[in-house]
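J.: Data file coords.txt (compact mmCIF, C-alpha atoms) is appended below.
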```
# COMPACT_ATOMS: atom_id res chain seq x y z
CA GLU A 15 -26.46 -28.39 16.79
CA THR A 16 -25.54 -30.96 19.43
CA GLY A 17 -26.61 -28.73 22.30
CA ALA A 18 -23.07 -28.27 23.65
CA SER A 19 -22.55 -25.20 25.79
CA ALA A 20 -20.37 -22.32 24.53
CA ASP A 21 -17.75 -23.25 27.17
CA LEU A 22 -17.54 -26.85 25.88
CA VAL A 23 -17.29 -25.66 22.28
CA GLU A 24 -14.45 -23.30 23.22
CA LEU A 25 -12.63 -26.07 25.13
CA ALA A 26 -13.01 -28.53 22.24
CA ALA A 27 -11.38 -26.04 19.86
CA LYS A 28 -8.45 -25.26 22.19
CA GLY A 29 -5.13 -26.28 20.65
CA VAL A 30 -6.68 -27.72 17.48
CA GLN A 31 -4.51 -27.52 14.37
CA TYR A 32 -5.75 -27.98 10.81
CA ARG A 33 -3.93 -28.00 7.49
CA ALA A 34 -5.10 -28.86 4.00
CA ARG A 35 -3.56 -28.68 0.58
CA GLN A 36 -4.74 -29.42 -2.92
CA VAL A 37 -2.86 -32.26 -4.62
CA ASN A 38 -4.46 -31.84 -8.05
CA ASP A 39 -7.79 -30.77 -9.56
CA LYS A 40 -9.64 -33.67 -7.92
CA SER A 41 -7.68 -34.47 -4.77
CA TRP A 42 -6.62 -32.89 -1.52
CA VAL A 43 -5.04 -34.03 1.73
CA THR A 44 -5.55 -32.75 5.22
CA GLU A 45 -4.23 -33.20 8.72
CA TRP A 46 -6.28 -32.36 11.77
CA ARG A 47 -4.66 -32.47 15.22
CA ILE A 48 -7.00 -32.44 18.19
CA PRO A 49 -5.44 -32.59 21.67
CA PHE A 50 -6.98 -35.29 23.84
CA ALA A 51 -7.28 -32.80 26.70
CA SER A 52 -9.50 -30.48 24.66
CA LEU A 53 -12.03 -33.31 24.38
CA GLY A 54 -11.62 -34.54 27.94
CA ILE A 55 -10.08 -37.81 26.75
CA ALA A 56 -7.42 -39.59 28.80
CA PRO A 57 -6.30 -42.57 26.67
CA ALA A 58 -4.65 -44.26 29.66
CA LYS A 59 -7.97 -44.24 31.55
CA HIS A 60 -10.27 -44.68 28.57
CA PRO A 61 -8.48 -46.62 25.81
CA LYS A 62 -11.63 -46.81 23.67
CA VAL A 63 -13.80 -43.87 22.60
CA GLN A 64 -16.75 -43.61 20.27
CA PHE A 65 -15.82 -41.50 17.25
CA ASN A 66 -16.77 -40.35 13.79
CA ILE A 67 -15.51 -37.96 11.16
CA SER A 68 -17.09 -36.66 7.98
CA VAL A 69 -16.13 -34.65 4.92
CA ARG A 70 -18.36 -32.52 2.73
CA LYS A 71 -17.53 -33.04 -0.96
CA THR A 72 -19.23 -30.05 -2.54
CA ALA A 73 -18.15 -30.88 -6.10
CA ASP A 74 -20.08 -34.16 -5.90
CA ASN A 75 -22.75 -32.97 -3.44
CA GLN A 76 -21.84 -35.72 -0.97
CA TRP A 77 -21.23 -36.18 2.73
CA VAL A 78 -18.64 -38.91 3.28
CA GLU A 79 -18.38 -40.46 6.75
CA TRP A 80 -15.90 -42.83 8.30
CA GLN A 81 -18.84 -44.76 9.73
CA GLY A 82 -22.42 -44.05 8.69
CA THR A 83 -24.68 -43.29 11.63
CA GLY A 84 -28.09 -43.33 9.97
CA GLY A 85 -28.41 -39.71 11.15
CA ASN A 86 -26.17 -36.87 12.25
CA THR A 87 -22.42 -37.49 12.03
CA TRP A 88 -22.00 -36.53 15.70
CA LYS A 89 -24.20 -39.40 16.89
CA VAL A 90 -21.11 -41.41 17.71
CA GLU A 91 -23.03 -44.09 19.55
CA ASN A 92 -24.01 -45.26 16.04
CA ALA A 93 -20.53 -44.78 14.55
CA GLY A 94 -17.10 -46.27 15.19
CA VAL A 95 -14.69 -46.82 18.04
CA LEU A 96 -11.11 -45.59 18.33
CA GLU A 97 -8.91 -47.90 20.37
CA PHE A 98 -5.66 -46.36 21.59
CA ALA A 99 -2.53 -48.51 21.69
CA LYS A 100 -0.83 -48.91 25.05
```
Just give me the structure of the file as structure tokens.
T.:
Amino acid sequence: ETGASADLVELAAKGVQYRARQVNDKSWVTEWRIPFASLGIAPAKHPKVQFNISVRKTADNQWVEWQGTGGNTWKVENAGVLEFAK
């Protein structure tokens, strides 16, 4: 959807780990680990990066975003900023 090449998509997925578990009938928790290298991020060189994350809540027919973009969730220029601690 973003126009990323197949090579970039493959690199972005490299080393990613994802786990989720249901807590009860209405709640779940998840952990998503994304290596900086897979996204081409070097926190020492670039301590701030534009970022967003969203979740699809099918039971309530909602998209929930960390920071609303007014459009696609991947339009991070309209979203938030992660600042890495030194």
J.: How far is it from atom CA of A:Ala93 to atom CA of A:Val37, in Å with one decimal?
T.: 28.9 Å
J.: Please determine, counting all atoms listed in the file, which residue among A:Ala27, A:Leu96, A:Val69, A:Ala20 has the shortest atom-to-atom distance to A:Ser52.
T.: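 Smallest distance to A:Ser52 is found for A:Ala27.
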J.: What does the distance between atom CA of A:Val63 and atom CA of A:Phe50 come to in Å, to one decimal place?
T.: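 For atom CA of A:Val63 relative to atom CA of A:Phe50, the distance reads 11.0 Å.
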J.: Report the distance between atom CA of A:Glu15 and atom CA of A:Tyr32 in Å, rounded to one decimal place.
T.: 21.6 Å
J.: List the neighbours of A:Arg35 out to 10 Å using all atoms listed in the file; skip same-chain residues closer than 4 positions along the sequence, and give me the result as a list in words.
T.: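 Skipping anything fewer than 4 positions along the chain leaves Ser41, Trp42, Val43, Thr44 and Glu45 of chain A.
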J.: Keeping only C-alpha atoms, write the selected residues to a file as a tab-separated table (two decimals), in the frame of the given file.
T.:
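And here's result12.tsv as it stands now:
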```
chain	number	residue	atom	x	y	z
A	41	SER	CA	-7.68	-34.47	-4.77
A	42	TRP	CA	-6.62	-32.89	-1.52
A	43	VAL	CA	-5.04	-34.03	1.73
A	44	THR	CA	-5.55	-32.75	5.22
A	45	GLU	CA	-4.23	-33.20	8.72
```
J.: Measuring between only C-alpha atoms, which one of A:Asp39, A:Val78, A:Gly54, A:Gly94 shows the shortest distance to A:Leu22?
T.: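 Under the stated criterion, the closest residue is A:Gly54.
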J.: Would you please work out which residue, of A:Ser68, A:Leu25, A:Trp77, A:His60, is nearest to A:Ile48 when using all atoms listed in the file?
T.: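 Checking each of A:Ser68, A:Leu25, A:Trp77, A:His60 against A:Ile48, counting all atoms listed in the file, the winner is A:Leu25.
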J.: Take stretch 55-71 of chain A from the preceding structure and save all heavy atoms as a short mmCIF file (atom, residue, chain, number, x, y, z; two decimals), in the first residue's frame.
T.:
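Ended up saving to result-v1.cif:
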```
data_model
loop_
_atom_site.label_atom_id
_atom_site.label_comp_id
_atom_site.auth_asym_id
_atom_site.auth_seq_id
_atom_site.Cartn_x
_atom_site.Cartn_y
_atom_site.Cartn_z
N ILE A 55 17.22 1.89 11.13
CA ILE A 55 17.30 2.91 12.18
C ILE A 55 18.55 2.67 13.01
O ILE A 55 18.80 1.57 13.48
CB ILE A 55 16.06 2.86 13.10
CG1 ILE A 55 14.80 3.20 12.31
CG2 ILE A 55 16.22 3.79 14.29
CD1 ILE A 55 13.51 2.97 13.09
N ALA A 56 19.32 3.72 13.22
CA ALA A 56 20.49 3.69 14.09
C ALA A 56 20.25 4.73 15.18
O ALA A 56 20.49 5.91 14.97
CB ALA A 56 21.76 3.99 13.32
N PRO A 57 19.72 4.31 16.35
CA PRO A 57 19.36 5.28 17.39
C PRO A 57 20.49 6.22 17.79
O PRO A 57 20.22 7.37 18.12
CB PRO A 57 18.96 4.39 18.57
CG PRO A 57 18.46 3.14 17.93
CD PRO A 57 19.37 2.94 16.74
N ALA A 58 21.73 5.77 17.73
CA ALA A 58 22.85 6.65 18.09
C ALA A 58 22.99 7.80 17.08
O ALA A 58 23.35 8.91 17.45
CB ALA A 58 24.15 5.86 18.17
N LYS A 59 22.69 7.53 15.82
CA LYS A 59 22.79 8.56 14.78
C LYS A 59 21.51 9.36 14.63
O LYS A 59 21.53 10.53 14.27
CB LYS A 59 23.12 7.91 13.42
CG LYS A 59 24.51 7.37 13.31
CD LYS A 59 24.74 6.84 11.91
CE LYS A 59 26.13 6.29 11.75
NZ LYS A 59 26.36 5.77 10.40
N HIS A 60 20.39 8.69 14.86
CA HIS A 60 19.07 9.33 14.68
C HIS A 60 18.22 9.05 15.91
O HIS A 60 17.41 8.12 15.92
CB HIS A 60 18.38 8.78 13.42
CG HIS A 60 19.21 8.92 12.19
ND1 HIS A 60 19.38 10.12 11.55
CD2 HIS A 60 19.95 8.02 11.51
CE1 HIS A 60 20.18 9.95 10.50
NE2 HIS A 60 20.54 8.68 10.47
N PRO A 61 18.39 9.84 16.98
CA PRO A 61 17.69 9.56 18.23
C PRO A 61 16.19 9.83 18.21
O PRO A 61 15.49 9.48 19.14
CB PRO A 61 18.40 10.46 19.24
CG PRO A 61 18.97 11.56 18.42
CD PRO A 61 19.30 10.97 17.08
N LYS A 62 15.70 10.43 17.13
CA LYS A 62 14.27 10.68 17.00
C LYS A 62 13.79 10.15 15.65
O LYS A 62 14.42 10.42 14.63
CB LYS A 62 13.95 12.18 17.07
CG LYS A 62 14.22 12.80 18.41
CD LYS A 62 13.84 14.27 18.39
CE LYS A 62 14.15 14.92 19.73
NZ LYS A 62 13.73 16.33 19.74
N VAL A 63 12.69 9.39 15.67
CA VAL A 63 12.11 8.90 14.42
C VAL A 63 10.60 9.08 14.46
O VAL A 63 9.98 8.97 15.51
CB VAL A 63 12.45 7.41 14.15
CG1 VAL A 63 13.93 7.21 13.93
CG2 VAL A 63 11.96 6.52 15.26
N GLN A 64 10.05 9.38 13.31
CA GLN A 64 8.60 9.49 13.20
C GLN A 64 8.03 8.08 13.24
O GLN A 64 8.60 7.14 12.67
CB GLN A 64 8.22 10.20 11.91
CG GLN A 64 8.67 11.65 11.93
CD GLN A 64 8.45 12.32 10.60
OE1 GLN A 64 8.92 11.86 9.59
NE2 GLN A 64 7.72 13.42 10.63
N PHE A 65 6.87 7.91 13.92
CA PHE A 65 6.38 6.57 14.19
C PHE A 65 4.87 6.59 14.40
O PHE A 65 4.30 7.60 14.79
CB PHE A 65 7.06 6.04 15.46
CG PHE A 65 6.70 4.64 15.82
CD1 PHE A 65 7.33 3.56 15.23
CD2 PHE A 65 5.72 4.39 16.77
CE1 PHE A 65 7.00 2.25 15.57
CE2 PHE A 65 5.38 3.09 17.12
CZ PHE A 65 6.02 2.02 16.51
N ASN A 66 4.27 5.44 14.16
CA ASN A 66 2.87 5.23 14.50
C ASN A 66 2.61 3.74 14.63
O ASN A 66 3.39 2.93 14.12
CB ASN A 66 1.94 5.82 13.44
CG ASN A 66 0.55 6.13 14.00
OD1 ASN A 66 0.33 6.07 15.20
ND2 ASN A 66 -0.36 6.47 13.13
N ILE A 67 1.57 3.40 15.31
CA ILE A 67 1.14 2.01 15.42
C ILE A 67 -0.38 2.01 15.55
O ILE A 67 -0.96 2.94 16.11
CB ILE A 67 1.81 1.29 16.62
CG1 ILE A 67 1.56 -0.21 16.54
CG2 ILE A 67 1.38 1.90 17.94
CD1 ILE A 67 2.44 -1.02 17.46
N SER A 68 -1.00 0.98 14.98
CA SER A 68 -2.46 0.90 15.06
C SER A 68 -2.88 -0.53 15.36
O SER A 68 -2.12 -1.47 15.16
CB SER A 68 -3.10 1.38 13.76
OG SER A 68 -2.75 0.52 12.70
N VAL A 69 -4.10 -0.66 15.84
CA VAL A 69 -4.69 -1.96 16.16
C VAL A 69 -6.10 -1.98 15.58
O VAL A 69 -6.84 -1.00 15.70
CB VAL A 69 -4.77 -2.17 17.69
CG1 VAL A 69 -5.53 -3.43 18.03
CG2 VAL A 69 -3.38 -2.20 18.29
N ARG A 70 -6.45 -3.08 14.98
CA ARG A 70 -7.80 -3.27 14.45
C ARG A 70 -8.61 -4.03 15.50
O ARG A 70 -8.27 -5.15 15.86
CB ARG A 70 -7.77 -4.07 13.15
CG ARG A 70 -9.12 -4.39 12.59
CD ARG A 70 -9.78 -3.16 12.03
NE ARG A 70 -11.01 -3.54 11.37
CZ ARG A 70 -12.13 -2.86 11.46
NH1 ARG A 70 -12.16 -1.74 12.16
NH2 ARG A 70 -13.20 -3.26 10.83
N LYS A 71 -9.65 -3.41 16.02
CA LYS A 71 -10.53 -4.03 17.01
C LYS A 71 -11.79 -4.48 16.27
O LYS A 71 -12.74 -3.71 16.12
CB LYS A 71 -10.85 -3.05 18.13
CG LYS A 71 -9.64 -2.64 18.95
CD LYS A 71 -9.96 -1.58 19.97
CE LYS A 71 -10.79 -2.17 21.08
NZ LYS A 71 -11.08 -1.20 22.14
#
```
